[in-house]
file run_6.cif (mmCIF, C-alpha atoms)
data_input
#
loop_
_atom_site.label_atom_id
_atom_site.label_comp_id
_atom_site.auth_asym_id
_atom_site.auth_seq_id
_atom_site.Cartn_x
_atom_site.Cartn_y
_atom_site.Cartn_z
CA MET J 26 -20.89 -1.20 5.25
CA THR J 27 -18.37 1.48 4.29
CA THR J 28 -17.77 2.18 0.60
CA GLU J 29 -15.54 4.56 -1.33
CA SER J 30 -14.87 4.75 -5.09
CA VAL J 31 -12.48 6.45 -7.49
CA GLU J 32 -12.09 6.60 -11.25
CA ILE J 33 -8.60 5.74 -12.46
CA ALA J 34 -7.10 6.55 -15.85
CA ALA J 35 -5.57 3.10 -16.25
CA PRO J 36 -6.83 -0.26 -17.51
CA ALA J 37 -8.51 -2.61 -15.03
CA GLU J 38 -5.64 -5.10 -15.45
CA THR J 39 -3.13 -2.50 -14.28
CA VAL J 40 -5.19 -1.68 -11.21
CA TRP J 41 -5.76 -5.39 -10.49
CA SER J 42 -2.00 -5.99 -10.52
CA LEU J 43 -1.59 -3.35 -7.81
CA VAL J 44 -4.59 -4.24 -5.64
CA SER J 45 -4.05 -8.00 -5.80
CA ASP J 46 -0.40 -7.79 -4.71
CA LEU J 47 -1.40 -7.69 -1.06
CA THR J 48 2.20 -7.53 0.13
CA ARG J 49 2.17 -3.98 -1.30
CA MET J 50 -0.86 -2.96 0.79
CA PRO J 51 1.37 -0.98 3.21
CA GLU J 52 2.18 1.32 0.25
CA TRP J 53 -1.52 2.10 -0.20
CA SER J 54 -3.22 1.79 3.19
CA PRO J 55 -2.47 4.24 6.01
CA GLU J 56 -3.38 1.53 8.56
CA THR J 57 -1.57 -1.54 7.18
CA ILE J 58 2.11 -1.93 8.00
CA LYS J 59 2.72 -5.50 6.78
CA VAL J 60 1.04 -8.31 4.86
CA ALA J 61 2.58 -11.79 4.72
CA TRP J 62 1.19 -14.89 3.03
CA THR J 63 0.66 -17.82 5.41
CA ARG J 64 0.16 -21.60 5.31
CA GLY J 65 1.96 -21.99 1.99
CA SER J 66 -0.11 -19.34 0.21
CA SER J 67 1.75 -17.10 -2.21
CA GLY J 68 -0.86 -15.12 -4.08
CA PRO J 69 -4.46 -14.01 -4.38
CA VAL J 70 -6.53 -17.12 -5.06
CA ALA J 71 -9.69 -18.24 -3.27
CA GLY J 72 -8.70 -19.99 -0.05
CA ALA J 73 -5.27 -18.37 0.24
CA THR J 74 -4.42 -16.99 3.68
CA PHE J 75 -2.34 -14.11 4.93
CA LYS J 76 -1.55 -12.20 8.09
CA GLY J 77 -2.17 -8.46 8.20
CA THR J 78 -0.43 -6.21 10.69
CA ASN J 79 -2.00 -2.81 11.29
CA ARG J 80 -1.49 0.32 13.33
CA ALA J 81 -3.42 3.34 14.50
CA ASN J 82 -1.20 5.90 16.20
CA VAL J 83 0.93 3.90 18.66
CA ARG J 84 -1.35 0.85 18.79
CA ARG J 85 -0.61 -2.23 16.68
CA TRP J 86 -2.50 -5.47 16.07
CA SER J 87 -2.54 -8.42 13.69
CA THR J 88 -5.32 -10.36 12.01
CA SER J 89 -5.62 -13.59 10.02
CA CYS J 90 -7.24 -13.28 6.61
CA ARG J 91 -8.60 -15.63 3.96
CA ILE J 92 -9.27 -14.77 0.31
CA ILE J 93 -12.91 -15.50 -0.54
CA VAL J 94 -13.06 -14.01 -4.07
CA ALA J 95 -10.24 -13.66 -6.60
CA ASP J 96 -11.72 -12.82 -9.99
CA PRO J 97 -9.12 -10.92 -12.04
CA PRO J 98 -9.35 -8.16 -13.04
CA GLN J 99 -12.76 -7.49 -11.49
CA GLU J 100 -12.90 -8.41 -7.81
CA LEU J 101 -10.79 -9.34 -4.81
CA ALA J 102 -12.25 -10.00 -1.35
CA TRP J 103 -11.09 -11.43 1.95
CA GLU J 104 -12.44 -12.19 5.41
CA VAL J 105 -10.62 -10.92 8.49
CA TYR J 106 -10.36 -12.84 11.74
CA ALA J 107 -9.12 -11.71 15.14
CA PRO J 108 -7.35 -14.13 17.47
CA GLY J 109 -9.73 -16.86 18.57
CA LYS J 110 -11.16 -17.12 15.03
CA VAL J 111 -13.63 -14.26 15.59
CA LYS J 112 -14.73 -12.93 12.19
CA VAL J 113 -14.36 -9.17 12.40
CA ALA J 114 -14.60 -7.86 8.83
CA GLU J 115 -14.78 -8.41 5.12
CA TRP J 116 -12.84 -6.25 2.68
CA ARG J 117 -13.52 -6.10 -1.03
CA TYR J 118 -12.18 -4.33 -4.12
CA ARG J 119 -14.38 -4.14 -7.22
CA ILE J 120 -12.86 -2.94 -10.48
CA GLU J 121 -15.29 -1.86 -13.18
CA THR J 122 -13.94 -1.26 -16.68
CA LEU J 123 -15.14 2.08 -18.05
CA ASP J 124 -13.23 1.84 -21.35
CA GLU J 125 -9.94 0.33 -22.49
CA ARG J 126 -7.95 2.99 -20.62
CA SER J 127 -9.95 3.64 -17.46
CA CYS J 128 -11.83 1.96 -14.65
CA ARG J 129 -13.72 2.64 -11.44
CA VAL J 130 -12.41 1.05 -8.26
CA THR J 131 -14.69 0.58 -5.28
CA GLU J 132 -13.37 -0.43 -1.89
CA LEU J 133 -15.87 -1.90 0.58
CA ALA J 134 -15.58 -2.93 4.21
CA VAL J 135 -18.21 -4.76 6.21
CA ASP J 136 -17.89 -4.76 9.99
CA HIS J 137 -18.71 -8.25 11.29
CA ARG J 138 -17.58 -7.74 14.89
CA PRO J 139 -20.05 -9.11 17.40
CA GLY J 140 -21.34 -6.41 19.76
CA TRP J 141 -19.36 -7.70 22.72
CA PHE J 142 -16.19 -7.69 20.63
CA LYS J 143 -16.59 -4.09 19.44
CA LEU J 144 -15.86 -2.78 22.93
CA ALA J 145 -12.67 -4.82 23.16
CA THR J 146 -11.43 -3.80 19.71
CA ASN J 147 -12.21 -0.14 20.38
CA VAL J 148 -9.76 -0.35 23.30
CA ILE J 149 -7.18 -2.48 21.45
CA THR J 150 -7.10 -0.27 18.35
CA GLY J 151 -8.03 3.07 19.89
CA ILE J 152 -10.62 3.53 17.12
CA THR J 153 -14.12 4.20 18.41
CA ASP J 154 -15.78 5.18 15.11
CA ARG J 155 -14.63 2.38 12.83
CA GLU J 156 -16.86 3.43 9.91
CA ALA J 157 -15.49 6.99 9.76
CA HIS J 158 -11.95 5.71 10.27
CA ASN J 159 -12.34 3.18 7.44
CA ALA J 160 -13.85 5.76 5.07
CA LYS J 161 -10.93 8.14 5.62
CA GLY J 162 -8.42 5.31 5.16
CA MET J 163 -10.18 4.10 2.01
CA ARG J 164 -10.00 7.55 0.44
CA GLU J 165 -6.24 7.68 1.15
CA THR J 166 -5.74 4.11 -0.09
CA LEU J 167 -7.64 4.69 -3.32
CA ALA J 168 -5.79 7.97 -3.97
CA ARG J 169 -2.45 6.16 -3.60
CA ILE J 170 -3.55 3.30 -5.87
CA LYS J 171 -4.78 5.85 -8.43
CA ALA J 172 -1.45 7.70 -8.38
CA ALA J 173 0.53 4.47 -8.80
CA ALA J 174 -1.71 3.15 -11.58
CA GLU J 175 -1.70 6.40 -13.51
CA ASP J 176 2.11 6.65 -13.25
CA ASN J 177 2.52 3.24 -14.95
#

call {"tool": "encode", "arguments": {"input": "run_6.cif", "output": "structure tokens"}}
result
Amino acid sequence: MTTESVEIAAPAETVWSLVSDLTRMPEWSPETIKVAWTRGSSGPVAGATFKGTNRANVRRWSTSCRIIVADPPQELAWEVYAPGKVKVAEWRYRIETLDERSCRVTELAVDHRPGWFKLATNVITGITDREAHNAKGMRETLARIKAAAEDN
């Protein structure tokens, strides 16, 4: 599991509104280039689905995702599936209220790729150290969310 946290000088509700609008994820994440709701889904509720399109350098790939937790303004989580319905990851945002004007946001990623699949995805994505890559991306993502929330 990879985890990064940041304290943000904004209410949890403000941060939730940014994090839960997954179509804005390309603004925050250095890896995500597009998020689109699928199968009639239109927002972050348990069971909703979306497609995520990502990139690392010149390589691009897409995944199917399903919201597993939507508990405003405290937690949002989704499972990530590669083609063939192979579960590859779980991503989670936890928002902890510190006081009425600040919160702590923790981003977590759990790698669920089966061993045999790790080799294939290392080639597809060009990322051989997924944990280090995710940690770096999380720090960038959280810094961008912090900046946006504190500018509100």

call {"tool": "resolve_selection", "arguments": {"input": "run_6.cif", "expression": "the PyMOL selection byres ((chain J and resi 114) around 7)", "output": "MDAnalysis selection string"}}
result
chainID J and resid 104:105 112:113 115:116 134:138

call {"tool": "resolve_selection", "arguments": {"input": "run_6.cif", "expression": "the PyMOL selection byres ((chain J and resi 55) around 7)", "output": "compact mmCIF listing (two decimals) with C-alpha atoms, in the coordinates of the input"}}
result
# COMPACT_ATOMS: atom_id res chain seq x y z
CA TRP J 53 -1.52 2.10 -0.20
CA SER J 54 -3.22 1.79 3.19
CA GLU J 56 -3.38 1.53 8.56
CA THR J 57 -1.57 -1.54 7.18
CA GLY J 162 -8.42 5.31 5.16
CA THR J 166 -5.74 4.11 -0.09

call {"tool": "residues_around", "arguments": {"input": "run_6.cif", "residues": "Thr88 of chain J", "least_positions_apart": "3", "cutoff": "7 Å", "atoms": "only C-alpha atoms", "output": "PDB file with C-alpha atoms, in the frame of the given file"}}
result
ATOM      1  CA  LYS J  76      -1.550 -12.200   8.090  1.00  0.00           C
ATOM      2  CA  GLY J  77      -2.170  -8.460   8.200  1.00  0.00           C
ATOM      3  CA  THR J  78      -0.430  -6.210  10.690  1.00  0.00           C
ATOM      4  CA  VAL J 105     -10.620 -10.920   8.490  1.00  0.00           C
ATOM      5  CA  TYR J 106     -10.360 -12.840  11.740  1.00  0.00           C
ATOM      6  CA  ALA J 107      -9.120 -11.710  15.140  1.00  0.00           C
ATOM      7  CA  PRO J 108      -7.350 -14.130  17.470  1.00  0.00           C
TER       8      PRO J 108
END

call {"tool": "closest_residue", "arguments": {"input": "run_6.cif", "among": "J:Met50, J:Leu123, J:Val44, J:Ala172", "to": "Pro98 of chain J", "atoms": "all atoms listed in the file"}}
result
J:Val44

call {"tool": "residues_around", "arguments": {"input": "run_6.cif", "residues": "Ser45 of chain J", "least_positions_apart": "6", "cutoff": "9 Å", "atoms": "only C-alpha atoms", "output": "PDB file with C-alpha atoms, in the frame of the given file"}}
result
ATOM      1  CA  GLY J  68      -0.860 -15.120  -4.080  1.00  0.00           C
ATOM      2  CA  PRO J  69      -4.460 -14.010  -4.380  1.00  0.00           C
ATOM      3  CA  ALA J  95     -10.240 -13.660  -6.600  1.00  0.00           C
ATOM      4  CA  PRO J  97      -9.120 -10.920 -12.040  1.00  0.00           C
ATOM      5  CA  PRO J  98      -9.350  -8.160 -13.040  1.00  0.00           C
ATOM      6  CA  LEU J 101     -10.790  -9.340  -4.810  1.00  0.00           C
TER       7      LEU J 101
END

call {"tool": "atom_distance", "arguments": {"input": "run_6.cif", "atom1": "atom CA of Arg126 of chain J", "atom2": "atom CA of Leu43 of chain J"}}
result
15.6 Å

call {"tool": "closest_residue", "arguments": {"input": "run_6.cif", "among": "J:Val111, J:Ile33, J:Val83, J:Ala102", "to": "Thr150 of chain J", "atoms": "only C-alpha atoms"}}
result
J:Val83

call {"tool": "decode", "arguments": {"input": "run_6.cif", "residues": "segment 75-150 of chain J", "atoms": "C-alpha atoms", "output": "PDB file, in the first residue's frame"}}
result
ATOM      1  CA  PHE J  75     -16.116   5.317 -14.922  1.00  0.00           C
ATOM      2  CA  LYS J  76     -13.284   4.916 -17.387  1.00  0.00           C
ATOM      3  CA  GLY J  77      -9.886   6.352 -16.541  1.00  0.00           C
ATOM      4  CA  THR J  78      -7.311   7.120 -19.210  1.00  0.00           C
ATOM      5  CA  ASN J  79      -3.724   7.497 -18.046  1.00  0.00           C
ATOM      6  CA  ARG J  80      -0.275   8.195 -19.401  1.00  0.00           C
ATOM      7  CA  ALA J  81       3.344   7.817 -18.406  1.00  0.00           C
ATOM      8  CA  ASN J  82       5.699   9.498 -20.857  1.00  0.00           C
ATOM      9  CA  VAL J  83       4.521   8.381 -24.317  1.00  0.00           C
ATOM     10  CA  ARG J  84       2.585   5.326 -23.115  1.00  0.00           C
ATOM     11  CA  ARG J  85      -1.194   5.479 -22.615  1.00  0.00           C
ATOM     12  CA  TRP J  86      -3.719   3.010 -21.226  1.00  0.00           C
ATOM     13  CA  SER J  87      -7.299   2.901 -19.962  1.00  0.00           C
ATOM     14  CA  THR J  88      -8.962   1.160 -17.044  1.00  0.00           C
ATOM     15  CA  SER J  89     -12.522   0.513 -15.880  1.00  0.00           C
ATOM     16  CA  CYS J  90     -13.351   1.660 -12.369  1.00  0.00           C
ATOM     17  CA  ARG J  91     -16.181   1.188  -9.887  1.00  0.00           C
ATOM     18  CA  ILE J  92     -16.903   3.361  -6.837  1.00  0.00           C
ATOM     19  CA  ILE J  93     -16.931   1.203  -3.701  1.00  0.00           C
ATOM     20  CA  VAL J  94     -17.201   3.946  -1.035  1.00  0.00           C
ATOM     21  CA  ALA J  95     -18.787   7.390  -1.349  1.00  0.00           C
ATOM     22  CA  ASP J  96     -19.187   8.886   2.113  1.00  0.00           C
ATOM     23  CA  PRO J  97     -19.172  12.689   1.832  1.00  0.00           C
ATOM     24  CA  PRO J  98     -17.202  14.530   3.014  1.00  0.00           C
ATOM     25  CA  GLN J  99     -15.027  11.806   4.539  1.00  0.00           C
ATOM     26  CA  GLU J 100     -14.132   9.083   2.060  1.00  0.00           C
ATOM     27  CA  LEU J 101     -14.147   8.172  -1.614  1.00  0.00           C
ATOM     28  CA  ALA J 102     -12.771   4.877  -2.953  1.00  0.00           C
ATOM     29  CA  TRP J 103     -12.827   2.930  -6.196  1.00  0.00           C
ATOM     30  CA  GLU J 104     -11.569  -0.342  -7.634  1.00  0.00           C
ATOM     31  CA  VAL J 105      -9.594  -0.369 -10.873  1.00  0.00           C
ATOM     32  CA  TYR J 106      -9.848  -3.106 -13.483  1.00  0.00           C
ATOM     33  CA  ALA J 107      -7.699  -3.764 -16.533  1.00  0.00           C
ATOM     34  CA  PRO J 108      -9.197  -5.247 -19.690  1.00  0.00           C
ATOM     35  CA  GLY J 109     -10.401  -8.778 -19.033  1.00  0.00           C
ATOM     36  CA  LYS J 110     -11.816  -7.713 -15.639  1.00  0.00           C
ATOM     37  CA  VAL J 111      -8.472  -8.153 -13.860  1.00  0.00           C
ATOM     38  CA  LYS J 112      -8.562  -6.164 -10.612  1.00  0.00           C
ATOM     39  CA  VAL J 113      -5.356  -4.147 -10.553  1.00  0.00           C
ATOM     40  CA  ALA J 114      -5.770  -1.528  -7.818  1.00  0.00           C
ATOM     41  CA  GLU J 115      -7.850   0.264  -5.261  1.00  0.00           C
ATOM     42  CA  TRP J 116      -7.610   4.021  -4.776  1.00  0.00           C
ATOM     43  CA  ARG J 117      -8.962   5.864  -1.767  1.00  0.00           C
ATOM     44  CA  TYR J 118      -9.189   9.422  -0.447  1.00  0.00           C
ATOM     45  CA  ARG J 119      -9.824   9.962   3.266  1.00  0.00           C
ATOM     46  CA  ILE J 120     -10.663  13.448   4.497  1.00  0.00           C
ATOM     47  CA  GLU J 121     -10.300  14.063   8.217  1.00  0.00           C
ATOM     48  CA  THR J 122     -11.710  17.290   9.659  1.00  0.00           C
ATOM     49  CA  LEU J 123      -9.150  19.032  11.869  1.00  0.00           C
ATOM     50  CA  ASP J 124     -11.335  22.057  12.662  1.00  0.00           C
ATOM     51  CA  GLU J 125     -14.020  24.038  10.837  1.00  0.00           C
ATOM     52  CA  ARG J 126     -11.445  25.529   8.456  1.00  0.00           C
ATOM     53  CA  SER J 127      -8.939  22.727   7.872  1.00  0.00           C
ATOM     54  CA  CYS J 128      -8.621  19.039   7.151  1.00  0.00           C
ATOM     55  CA  ARG J 129      -6.094  16.306   6.453  1.00  0.00           C
ATOM     56  CA  VAL J 130      -6.387  14.444   3.164  1.00  0.00           C
ATOM     57  CA  THR J 131      -4.844  11.011   2.776  1.00  0.00           C
ATOM     58  CA  GLU J 132      -4.547   9.328  -0.601  1.00  0.00           C
ATOM     59  CA  LEU J 133      -4.026   5.551  -0.610  1.00  0.00           C
ATOM     60  CA  ALA J 134      -3.363   3.075  -3.391  1.00  0.00           C
ATOM     61  CA  VAL J 135      -3.325  -0.683  -3.037  1.00  0.00           C
ATOM     62  CA  ASP J 136      -1.727  -2.719  -5.820  1.00  0.00           C
ATOM     63  CA  HIS J 137      -3.903  -5.764  -6.518  1.00  0.00           C
ATOM     64  CA  ARG J 138      -2.160  -6.921  -9.697  1.00  0.00           C
ATOM     65  CA  PRO J 139      -1.548 -10.653  -9.753  1.00  0.00           C
ATOM     66  CA  GLY J 140       2.156 -11.495 -10.062  1.00  0.00           C
ATOM     67  CA  TRP J 141       1.847 -12.641 -13.657  1.00  0.00           C
ATOM     68  CA  PHE J 142       0.077  -9.417 -14.568  1.00  0.00           C
ATOM     69  CA  LYS J 143       2.726  -7.141 -13.030  1.00  0.00           C
ATOM     70  CA  LEU J 144       5.206  -8.080 -15.746  1.00  0.00           C
ATOM     71  CA  ALA J 145       2.716  -7.237 -18.480  1.00  0.00           C
ATOM     72  CA  THR J 146       1.710  -3.907 -16.946  1.00  0.00           C
ATOM     73  CA  ASN J 147       5.346  -2.946 -16.369  1.00  0.00           C
ATOM     74  CA  VAL J 148       5.819  -3.232 -20.150  1.00  0.00           C
ATOM     75  CA  ILE J 149       2.482  -1.593 -21.051  1.00  0.00           C
ATOM     76  CA  THR J 150       2.961   1.400 -18.755  1.00  0.00           C
TER      77      THR J 150
END
